[in-house]
Amino acid sequence: MNKKSLVSIGFILPSVMLVGIFVYAFIGWTVSVSFTNWNTLLPNWSFAGFSNYSSLFVNNLRFRMDLINNFTFLPFFVLGSMVLGFFLASLLNKGVKFESFFRTVFLLPMAISLVVSGTVWVWLYDPTNGAVDAFLKLMRLPTINWLGSMSFALPAIIIATIWQYTGFTTSIYLAALRGIPKEIIEAAKMDGAHGFRLYWNIIIPMVQSSTVTAFVLMVQLSLQMFDIIWVMTSGGPAFATDMPAVYMFIAAFKQNFVAQGAAIAVIIFLLTLAVVVPYLLTAGKITEEES
Amino acid sequence: MKLSRVGIYAILIVAAMFFLFPIYLLVVTSLKSLPAIYSTSSWSLPTSIDWSGFVMAWRGLKQGFINSFEFTIPAVIFSVFFGSLGGFALTKIKFRGANMVFLFILFGMFLPYQVVLIPLVKFMASVHLYGSIWSLILTHTAYGIPITTLIFRNFYSSVPMSLIEAGKVDGANVWQIYTKIMIPISIPGIVVAVIWQFTNIWNNFLFGLTLGSMPDIRPVTVMLNNLKGSMISQWNTLMAGALLTALPTIIVYLIMGKYFVKGLLGGAVKG
């Protein structure tokens, strides 16, 4: 090994070591524990096969609800934030005045901790004097105990989460729209593509890679949704807003079902891999072709 | 789908109201007295400014503020430094397997933290750091490296190789090239990485919740959530606390928003 490569290894070594331990070794540890009987306070490394997994899927009502909630949350949140983000970005791209003001406002929630937004949204949804119910009263509509209701708690959280992340998708789409050469739009308009057809046939296909990026990021966020649920409802009422990440935390750290918690974590991890790995592989391919 | 100018502005203003309303509510509620919260409509402006919410909130969150600064600042510095070192090595020192190493690190960006949470606690306990501020510094440094490496890799790939060659001709070694040539021209990249890391680490909740069991290291976000549990329905105190917790990152965002967006897109869009 020559001197040059030794030096370069020195530059990258701290990062590789930290990531190696904190990402890869820890994943390996969690996967191993998920196959043990460590559902006690004290470590127990005896082999349990797939029992921690099968028990989740066979007779665990809470985990079944978690999956249903998570996969109800996911499409509404992902589509909601992407459609709204694209729509707002298209408007901002029309050469409006005060554009930077609007951009700053839309993205502001992204700069705020989910604990802060969660707390504010609990106050907004407060059944006694919250702003949402006060508004409904003003419109002479029936009021709703949002976060205390089995059917409205999850939609309430979806709205709060869309509020938090739409600025993100707006920024992604705005950057993509800015990247479309003006000549292409002009040429399409000359060919008679206007309004909806211009968007459907020209603009949406041209921002496709941003759509994929936004989709992967939002799905990934959905699968690990924890903070805002923990702060707003802790998974309640009666598990109506419970999610795998919340159950994982409770199982591992509150009930000492360490192996059970590890199994849930591995399931979240595998679901994430299913969207992230194809994305990284194709993104890597694109980068190689470009360079 | 053809919208008039008036229509565009109308929609943008409605959207802005949607995004600003919770923030507005945060501010007006924090400045009301507790009786005023229940005697007036929640969105009305306070008739007289009442600071009791802030006084109560500060009493509950002060230690959390100190703690959050204590681990956020070192973790930002370390993660940005390692990211910059790595980004430099990956782009300017050609070594075999550089792309593989990059993917190895980048993968950490998409990691669901649930899958590392249990070993993280056990690891910190086994190296006797559990309960120490260093557990949070180390954790935030490690999980910050993927994004900072990506930011600096993108930043450094636009730096021409000729600059490095010129340094070599002048007899500079790799370390000198890094400190004398790369660091000075990296300022915009450093600003982007610092702002992004500061916002993320300050706002983090999950690591604080799992590692911050002792009040003397517990982050402000976790303390705010505890305050929510102990001050049920004291909305002036809770909103004041939420505002205080959000203030550092909001200030940074309002002053340096441009760089925040770059960090965001740097993480979202491949180089």
# chains A, B, ... in the order shown; residues from 1 in each chain; ligands from 1
>>> closest_atom_pairs(of="chain B", to="chain A", cutoff="7 Å", atoms="only C-alpha atoms", output="tab-separated table")
residue	atom	partner	partner_atom	distance
B:Met1	CA	A:Gly195	CA	5.3
B:Lys2	CA	A:Gly195	CA	5.5
B:Ile8	CA	A:Leu91	CA	6.4
B:Ala16	CA	A:Val105	CA	6.2
B:Phe19	CA	A:Phe106	CA	6.0
B:Leu20	CA	A:Val105	CA	6.8
B:Pro22	CA	A:Val120	CA	6.5
B:Leu26	CA	A:Val120	CA	6.5
B:Tyr38	CA	A:Asn129	CA	6.7
B:Ser42	CA	A:Ala131	CA	5.7
B:Trp43	CA	A:Ala131	CA	6.6
B:Phe82	CA	A:Ser15	CA	6.2
B:Leu85	CA	A:Phe11	CA	5.5
B:Gly86	CA	A:Ile12	CA	4.7
B:Ala89	CA	A:Ser8	CA	5.7
B:Ile93	CA	A:Ser8	CA	6.3
B:Phe95	CA	A:Ser5	CA	6.3
B:Ile105	CA	A:Val19	CA	6.4
B:Gly108	CA	A:Val23	CA	6.4
B:Pro112	CA	A:Gln224	CA	6.0
B:Gln114	CA	A:Ala265	CA	5.3
B:Val115	CA	A:Ala265	CA	4.7
B:Val116	CA	A:Phe26	CA	5.3
B:Pro119	CA	A:Phe26	CA	5.7
B:Ala142	CA	A:Leu18	CA	5.5
B:Ile145	CA	A:Ser15	CA	6.6
B:Thr199	CA	A:Ala111	CA	6.5
B:Asn203	CA	A:Ser113	CA	4.3
B:Asn204	CA	A:Ser113	CA	6.9
B:Phe205	CA	A:Asp227	CA	6.6
B:Leu206	CA	A:Asp227	CA	6.9
B:Thr221	CA	A:Val115	CA	6.2
B:Asn225	CA	A:Val231	CA	6.6
B:Met239	CA	A:Val120	CA	6.9
B:Ala242	CA	A:Val116	CA	5.1
B:Ala246	CA	A:Ile112	CA	5.7
B:Thr249	CA	A:Ala111	CA	6.1
B:Ile250	CA	A:Ala111	CA	6.2
B:Tyr253	CA	A:Ala111	CA	6.5
B:Leu265	CA	A:Ile172	CA	6.6
B:Ala268	CA	A:Thr213	CA	6.6
>>> select_by_dssp(residues="range 186-230 of chain B", states="alpha helix (DSSP H)", output="ChimeraX atom specification")
/B:187-203,206-211,220-230
>>> closest_residue(among="B:Ser230, B:Ser68, B:Ser39, B:Thr148", to="Pro215 in chain B", atoms="only C-alpha atoms")
B:Ser68
>>> residues_around(residues="range 178-191 of chain B", least_positions_apart="3", cutoff="7 Å", atoms="only C-alpha atoms", output="list of chain:residue names")
B:Phe152, B:Phe155, B:Val174, B:Trp175, B:Val194, B:Ile195, B:Tyr259
>>> closest_residue(among="B:Met231, B:Ile66, B:Val28, B:Ala57", to="Ser41 in chain B", atoms="only C-alpha atoms")
B:Val28
>>> residues_around(residues="Ser55 in chain A", least_positions_apart="3", cutoff="12 Å", atoms="only C-alpha atoms", output="PyMOL selection string")
chain A and resi 34+48-52+58-64+259-261+263-264
>>> write_last_selection(atoms="C-alpha atoms", output="short mmCIF file (atom, residue, chain, number, x, y, z; two decimals), in the first residue's frame")
data_model
loop_
_atom_site.label_atom_id
_atom_site.label_comp_id
_atom_site.auth_asym_id
_atom_site.auth_seq_id
_atom_site.Cartn_x
_atom_site.Cartn_y
_atom_site.Cartn_z
CA SER A 34 -34.74 -10.16 17.41
CA ALA A 48 -35.90 -18.11 19.74
CA GLY A 49 -36.12 -18.62 16.00
CA PHE A 50 -38.76 -16.51 14.34
CA SER A 51 -41.05 -16.52 17.38
CA ASN A 52 -40.72 -12.76 17.99
CA VAL A 58 -50.28 -14.16 14.44
CA ASN A 59 -52.03 -12.95 17.55
CA ASN A 60 -50.86 -9.43 18.29
CA LEU A 61 -53.82 -7.09 17.82
CA ARG A 62 -51.78 -4.02 18.66
CA PHE A 63 -49.24 -4.67 15.94
CA ARG A 64 -51.99 -5.40 13.44
CA ALA A 259 -36.36 -8.94 21.49
CA GLN A 260 -39.94 -8.05 20.62
CA GLY A 261 -38.95 -4.39 20.18
CA ALA A 263 -38.26 -7.53 15.81
CA ILE A 264 -40.55 -4.53 15.24
#
>>> residues_around(residues="Trp134 in chain B", least_positions_apart="5", cutoff="10 Å", atoms="only C-alpha atoms", output="ChimeraX atom specification")
/B:70-71,74-75,124,129,139-140,217
>>> closest_residue(among="B:Tyr156, B:Phe123, B:Phe54, B:Tyr9", to="Leu31 in chain B", atoms="only C-alpha atoms")
B:Phe54
